[in-house]
Amino acid sequence: MRLLNPLLSVAVVPLLVALLIAPAVAVPRPSSIPLPDDFQPEGIAIGEGNTFYVGSLRDGDIYRGDLRSGEGSTFIDLEPEDGRVAVGMRVDKARHWLVVAGGPTGRAWVYDTRDGSTVDELELGPAATTFSNDVAITRDALYFTDTFAALIYRVPILPDGSFGATEPIEVTGDAAQTGGFGLNGIDSTHRGWLIVNHTALGILALVDPETGVSQEIPLSGPPLVPGTLDGLQLEGRTAWVVQNFANSVARVQLSPDLTSGEVVEVIESDLFRVPTTVDVHGSTLALVNGRFDLGFPPPFGPGAPPGTEFDVVQIRP
């Protein structure tokens, strides 16, 4: 058997070792993930791993995709006669729930993230006079904002995992103004309050879920843009606030007691086409483009023209 030249071996062996132990090159995330044409999305929620969900304002369909590969398909495919609408949404990973606000239907739906089955249909208020926009989940309740009334709907989660009767919470104080788009995004906090934004006022506020009393969170730094506040995601003491027609998302750093804060960054991107909601996946923000500049969907308008493209975009702040 012929042996390798010793000098050649000295050069080749370290190279082979380096190749064997070299880390795999990470494939970059797609900056834009296409959704079905005419989907008219609004809400986005991230589940297990790289999985994301987006809902349709047109018919309540739910799209499920992968933030890493960009692949996906319709997960829950509904018929028009089902009469469902999907606005804001949030995932409860432990319970395998996807909770979806139903906008003008006066209802909300809880889906099983494992198979897409309907866990429950929740009645929040009268159809047409109720507009449930976004949802927050705590250990013992679901909370939904009503955008055209000073109301938050509380749905108790019972010990057996079922749901109790809806309890309307009348919001008073700084975030109680009605007329036009009012209460919009909502999330839970580590201090027991709810945090909301108010579209028309351009403010963030804390709400006591027991009394409904709200207080504005005074912010320093660049002002939030009234009339544009939409989705809201709280991560620890960082609030991400989507400003839809301003094509931006604001990063707000809150004080330890959450009663004040500073807008430390306003992120703009050429990828934004009237973003509506946001969720956080590691160090990446995932936002859905609602494209409301092309037309509001029913009941506010005819929606975007047929053939309109929609997408989810990912950015690193």
# chains A, B, ... in the order shown; residues from 1 in each chain; ligands from 1
$ residues_around --residues "Gly307 of chain A" --least-positions-apart "5" --cutoff "10 Å" --atoms "only C-alpha atoms" --output "short mmCIF file (atom, residue, chain, number, x, y, z; two decimals) with N, CA, C and O atoms, in the first residue's frame"
data_model
loop_
_atom_site.label_atom_id
_atom_site.label_comp_id
_atom_site.auth_asym_id
_atom_site.auth_seq_id
_atom_site.Cartn_x
_atom_site.Cartn_y
_atom_site.Cartn_z
N PRO A 36 -51.38 33.76 0.61
CA PRO A 36 -52.24 33.63 -0.58
C PRO A 36 -52.75 34.99 -1.06
O PRO A 36 -53.07 35.87 -0.24
N ASP A 37 -52.84 35.17 -2.36
CA ASP A 37 -53.42 36.39 -2.91
C ASP A 37 -54.84 36.56 -2.36
O ASP A 37 -55.57 35.58 -2.14
N ASP A 38 -55.20 37.81 -2.12
CA ASP A 38 -56.54 38.18 -1.65
C ASP A 38 -56.84 37.69 -0.23
O ASP A 38 -57.99 37.69 0.20
N PHE A 39 -55.81 37.31 0.52
CA PHE A 39 -56.03 36.75 1.85
C PHE A 39 -56.53 37.80 2.84
O PHE A 39 -57.24 37.49 3.77
#
$ closest_atom_pairs --of "segment 224-254 of chain A" --to "segment 260-264 of chain A" --cutoff "10 Å" --atoms "only C-alpha atoms" --output "Markdown table"
| residue | atom | partner | partner_atom | distance |
| --- | --- | --- | --- | --- |
| A:Leu224 | CA | A:Val263 | CA | 8.0 |
| A:Arg237 | CA | A:Gly261 | CA | 9.1 |
| A:Thr238 | CA | A:Gly261 | CA | 9.2 |
| A:Ala239 | CA | A:Val263 | CA | 9.3 |
| A:Trp240 | CA | A:Val263 | CA | 9.7 |
| A:Val241 | CA | A:Val263 | CA | 9.8 |
| A:Ala250 | CA | A:Val263 | CA | 6.6 |
| A:Arg251 | CA | A:Val263 | CA | 5.8 |
| A:Val252 | CA | A:Val263 | CA | 4.4 |
| A:Gln253 | CA | A:Glu262 | CA | 5.3 |
| A:Leu254 | CA | A:Gly261 | CA | 4.0 |
$ closest_residue --among "A:Asp230, A:Asp112, A:Glu79, A:Glu170" --to "Glu210 of chain A" --atoms "only C-alpha atoms"
A:Glu170
$ closest_atom_pairs --of "segment 176-198 of chain A" --to "segment 266-285 of chain A" --cutoff "12 Å" --atoms "only C-alpha atoms" --output "JSON lines"
{"residue": "A:Asn184", "atom": "CA", "partner": "A:Thr277", "partner_atom": "CA", "distance": 10.5}
{"residue": "A:Gly185", "atom": "CA", "partner": "A:Thr277", "partner_atom": "CA", "distance": 8.5}
{"residue": "A:Ile186", "atom": "CA", "partner": "A:Thr277", "partner_atom": "CA", "distance": 11.1}
{"residue": "A:Asp187", "atom": "CA", "partner": "A:Asp279", "partner_atom": "CA", "distance": 11.5}
$ write_last_selection --atoms "C-alpha atoms" --output "short mmCIF file (atom, residue, chain, number, x, y, z; two decimals), in the first residue's frame"
data_model
loop_
_atom_site.label_atom_id
_atom_site.label_comp_id
_atom_site.auth_asym_id
_atom_site.auth_seq_id
_atom_site.Cartn_x
_atom_site.Cartn_y
_atom_site.Cartn_z
CA ASN A 184 -56.90 48.16 19.79
CA GLY A 185 -53.85 46.10 20.83
CA ILE A 186 -53.77 44.39 24.23
CA ASP A 187 -51.38 42.21 26.21
#
$ residues_around --residues "Thr228 of chain A" --least-positions-apart "6" --cutoff "8 Å" --atoms "only C-alpha atoms" --output "VMD selection string"
chain A and resid 199 to 200 202 242 to 246
$ select_by_dssp --residues "segment 53-144 of chain A" --states "strand (DSSP E)" --output "ChimeraX atom specification"
/A:53-56,62-66,72-76,89-92,97-101,107-112,118-123,132-137,141-144
$ closest_residue --among "A:Gly106, A:Pro298, A:Pro28, A:Pro256" --to "Glu121 of chain A" --atoms "only C-alpha atoms"
A:Gly106
$ residues_around --residues "Ala165 of chain A" --least-positions-apart "3" --cutoff "9 Å" --atoms "only C-alpha atoms" --output "VMD selection string"
chain A and resid 122 to 124 154 to 156
$ residues_around --residues "Thr138 of chain A" --least-positions-apart "3" --cutoff "8 Å" --atoms "only C-alpha atoms" --output "number ranges by chain"
A: 141-142, 188
$ closest_residue --among "A:His190, A:Arg68, A:Arg139, A:Arg58" --to "Ala94 of chain A" --atoms "only C-alpha atoms"
A:Arg139
$ atom_distance --atom1 "atom CA of Pro126 of chain A" --atom2 "atom CA of Asp59 of chain A"
19.0 Å
$ closest_residue --among "A:Ser56, A:Thr130, A:Ser73, A:Ser220" --to "Ala150 of chain A" --atoms "only C-alpha atoms"
A:Thr130
$ atom_distance --atom1 "atom CA of Gln215 of chain A" --atom2 "atom CA of Ala175 of chain A"
6.9 Å
$ atom_distance --atom1 "atom CA of Asp82 of chain A" --atom2 "atom CA of Arg291 of chain A"
24.8 Å
$ residues_around --residues "Gly72 of chain A" --least-positions-apart "6" --cutoff "10 Å" --atoms "only C-alpha atoms" --output "PyMOL selection string"
chain A and resi 33-36+51-53+63-66
